[in-house]
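Everything on this sheet refers to the single structure shown next.
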Amino acid sequence: MMKNNNRRWLIAVMGILSAAAVSAQVKLQPLFSDNMVLQQHAAAPLWGEAKAGYTVRVHTSWDDREYVTTADAHGRFMVRVSTPDAGGPYDITFTECRPSRQKGRVLTLRNVMIGEVWLCGGQSNMQMSVEWDRVRNYQEEVRQAASHPNIRLLHVQTTAAAMPATTLNVVDGGWQVCSSESVRLFSAAGYFFGRELETSLNVPVGLIESCLGSTFAEPWVSAGALRQMPYFDKALEKVQTMPADSLAREEQYRSDLDDWNSRVAALDGNTRYAGGHHTLLYHKDFADDSRWCDIQVPGLFEDQLKDRYGAFDGLVWYRRSVELPAEWVGSDLILKLGAIDDDDVVFFNGEEVGTHLGVAFNREYRVPAALVKDGKAEIAVRLHDTGGLGGFYSREMRIERADGQQASPVALAGTWRFMASLDEKELPFYPTNLNHDTNVPTALYNGMIHPLTPFAVRGAIWYQGESSVGRAHQYRELLPVLINDWRSRFTAPSDSRGTFPFYIVQMANHMTPQTDPAEESTWAELRESQLKVSQTMANSGLATTIDIGEADDIHPKNKQEVGRRLGLVARALTYGEAIEYAGPQYAGYRQEGRVIRLFFTHADGLRAAGDALKGFVVAGPDRRFHWAEAHVDGDAVVVSSPEVEMPVAVRYGWANNPDCNLVNSAGLPATPFRTDEWPGLSIDNY
């Protein structure tokens, strides 16, 4: 009897060991989940982890085919599966087993579709979700999203890394079927682009959102690619020497930041910094009114004070005294300053009430009741312009009571006092913290793009540039580096028309509407760089949005039209539809006495969207621009000005927020342009 018990015990142990040998299951990144979309007509890579040396069998239900590979010494494996025409749903089954065994633990992905996969990248205008800030017709759009279950959404979570990561972090665990719930927090521009493709092509569409607000372009580029541009060498060295451990990075950053603030306060002399808090000192420069000048807010100080300061980068001060309603004394207030370029420390009656790093974030700071002592308030802003232009963007600047009990807020737009304090060259190197500060070279590529590669995708759409206007001329070099970097890392489908398509949203009109025909604009220069990249990079395209922006909101709510125009570009250039996909684009000019004749591509049906053409300015050899009279003449536009006897240059839509209305027969707006190459605001900053 004892022998039988021993035998049963031995069999049980062997069974447990045998089960343990196969219990390790294939592990996949959330890029591979139920509801995913695989790119059609591709050798689509699937990868993951298994026990080192074990066999991994991958079965695809659309062709009943099995792919077999072996996990390497680190437990990694990859197979490339052949994808058919668009369709589904299908299953993909992964089996991990001992070498030479057929059976093991099974993992099955279900409801997998084959279709078109696009990557959605950029900053806040790509990140702006259907729900966030309410796109136009928000409630109906959310309701109708349930009618598009063949659109699938993968939302990459914000992740910065000093070195290329292999782990992908996503929102909601993996791919989501488009629904009224899943679409709410997904990229609006991306979703409306995908909807345009799904309805026109009648195929499943997979959208991968990997973007983040207030970011430059360089965080989205790999270190290897970015080394082509020596401008970024010092920043790359700083990132790559950071501690690997996040707690160690945090500790180092806090120490570095405290040291930076102390050193800057001592250099500037207008504040005292202690215990993580700034206090304003009303002496030294603040007492010397000769150092201050008037400036209009909102606005960029280089635009207004170029003759006085030139292309100044560094520390500057703004201040303004305002009258407050007597009944506000002793109440908490909200100070709304809108978007600021770049970093700010804000003071109310001498005490710091808020600070933020980064461009285009709307500043809203709470003012404690203890600081609201009488009917007057002194507001001061220490602004750190780290490069390019600096200043305020929004006209909706105001103070209001925190409890909302007021007749009307106190407006802050208007004339402020301004003083430049320290040139950027005089400031210590600003500390970087990848735990919070994601806007550093390579950080977002490492954490949010590299883990996606080499997934098979059709192409990418890109909505970014607002944060890069200070280096607008550099952008025409940097963006191609990014494009080629991405193209080298993702798997293209076998039926692709050349290289990985990359379609760019040109920045919309924004800020104070143009009134000066001679306005210089880094936004216009950045748009020009976007246009040139789209024209010179193979398989690239541009969606112009100069007619749908909003003066007081850097995030236009008409994302439906952004997505539709991107979709038109893709339908024409990627999928070969014979449709008009772009507005008129400047192609050349001819001087004819006192007039200039302008020629365009995409010029069928040139017309004014309104009674008369607007948005053209003309200059003579003196380089002074005047408003131009313009009219359509066949496939050309003729411009002139009674104030310009010999015109030599024309600009159209050349402003932050121009009023321009040239369109073609498809109603698509003309792309802003200039015929000259005269130096602008940012062209010499790089």
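The chains in the structure tokens are called A, B, ... from first to last as shown; in each chain the residues are counted from 1, and the ligands are counted from 1 in the order shown.
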
Who sits within 8 Å of stretch 452-458 of chain A, only C-alpha atoms, same chain under 2 positions skipped, as JSON, numbers by chain: {"A": [31, 38, 39, 42, 43, 44, 45, 46, 116, 117, 118, 119, 168, 448, 449, 450, 460, 489, 490, 491, 492, 493, 496, 500, 501]}

For stretch 468-474 of chain A: contacts at 12 Å, only C-alpha atoms, fewer than 5 positions along chain excluded, given as a PyMOL selection string: chain A and resi 122-123+214-219+229-232+300+302-303+311-313+341-342+358-360+385-391+439+463+479-481+507+521-533+656+677+679-686

Set the distance at 6 Å and use only C-alpha atoms: which residues neighbour stretch 399-414 of chain A once local chain neighbours fewer than 3 positions away are removed? I'd like the list as a list of chain:residue names.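 That gives A:Gln296, A:Val297, A:Asp332, A:Leu333, A:Ile334, A:Leu335, A:Arg395.
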
May I have the residues within 10 Å of stretch 569-573 of chain A as a PyMOL selection string, using only C-alpha atoms and disregarding those fewer than 2 positions away in the same chain? chain A and resi 193+196-197+200-201+459-461+497+501-504+539-543+564-567+575-582

Tell me, as a short mmCIF file (atom, residue, chain, number, x, y, z; two decimals) with N, CA, C and O atoms, in the first residue's frame, which residues lie within 6 Å of stretch 153-163 of chain A, counting only C-alpha atoms; anything in the same chain fewer than 5 positions away does not count.
```
data_model
loop_
_atom_site.label_atom_id
_atom_site.label_comp_id
_atom_site.auth_asym_id
_atom_site.auth_seq_id
_atom_site.Cartn_x
_atom_site.Cartn_y
_atom_site.Cartn_z
N ASN A 169 3.35 51.44 -23.29
CA ASN A 169 2.29 51.79 -22.35
C ASN A 169 1.13 52.41 -23.11
O ASN A 169 1.32 53.35 -23.89
N VAL A 170 -0.07 51.87 -22.90
CA VAL A 170 -1.23 52.36 -23.63
C VAL A 170 -2.37 52.65 -22.67
O VAL A 170 -2.41 52.15 -21.54
N VAL A 171 -3.31 53.45 -23.14
CA VAL A 171 -4.53 53.75 -22.39
C VAL A 171 -5.53 52.62 -22.61
O VAL A 171 -5.68 52.12 -23.73
N TRP A 175 -6.13 47.77 -27.98
CA TRP A 175 -7.01 48.29 -29.04
C TRP A 175 -8.47 48.30 -28.58
O TRP A 175 -8.94 47.36 -27.92
N GLN A 176 -9.16 49.38 -28.95
CA GLN A 176 -10.57 49.54 -28.61
C GLN A 176 -11.40 49.65 -29.88
O GLN A 176 -11.00 50.32 -30.84
N LEU A 207 -6.15 53.18 -35.99
CA LEU A 207 -5.52 54.47 -35.70
C LEU A 207 -4.71 54.35 -34.41
O LEU A 207 -5.23 53.93 -33.38
N ILE A 208 -3.43 54.71 -34.48
CA ILE A 208 -2.55 54.70 -33.31
C ILE A 208 -2.24 56.14 -32.95
O ILE A 208 -1.58 56.86 -33.72
N GLU A 209 -2.72 56.58 -31.81
CA GLU A 209 -2.46 57.94 -31.35
C GLU A 209 -1.22 57.95 -30.47
O GLU A 209 -1.21 57.34 -29.40
N SER A 210 -0.17 58.62 -30.92
CA SER A 210 1.04 58.77 -30.13
C SER A 210 1.49 60.22 -30.26
O SER A 210 2.24 60.58 -31.17
N VAL A 239 20.52 64.18 -21.93
CA VAL A 239 19.50 63.14 -21.79
C VAL A 239 20.14 61.78 -21.56
O VAL A 239 19.70 61.00 -20.69
N GLN A 240 21.15 61.48 -22.31
CA GLN A 240 21.71 60.14 -22.28
C GLN A 240 22.59 59.87 -21.07
O GLN A 240 23.00 58.73 -20.85
N LEU A 434 13.03 63.78 -16.96
CA LEU A 434 12.21 62.96 -17.85
C LEU A 434 10.98 62.39 -17.14
O LEU A 434 10.07 61.90 -17.81
N THR A 438 8.81 66.08 -20.59
CA THR A 438 8.94 65.18 -21.74
C THR A 438 9.46 65.89 -22.98
O THR A 438 9.74 65.24 -23.98
N ALA A 443 13.20 61.97 -26.13
CA ALA A 443 12.51 61.37 -24.98
C ALA A 443 11.22 60.68 -25.38
O ALA A 443 10.89 59.58 -24.89
N LEU A 444 10.44 61.29 -26.27
CA LEU A 444 9.15 60.71 -26.64
C LEU A 444 9.29 59.68 -27.76
O LEU A 444 8.50 58.74 -27.84
N ASN A 446 11.80 57.64 -27.75
CA ASN A 446 12.22 56.48 -26.98
C ASN A 446 11.06 55.79 -26.30
O ASN A 446 11.00 54.56 -26.25
N GLY A 447 10.13 56.57 -25.74
CA GLY A 447 9.06 55.98 -24.94
C GLY A 447 7.78 55.69 -25.69
O GLY A 447 7.01 54.82 -25.26
#
```
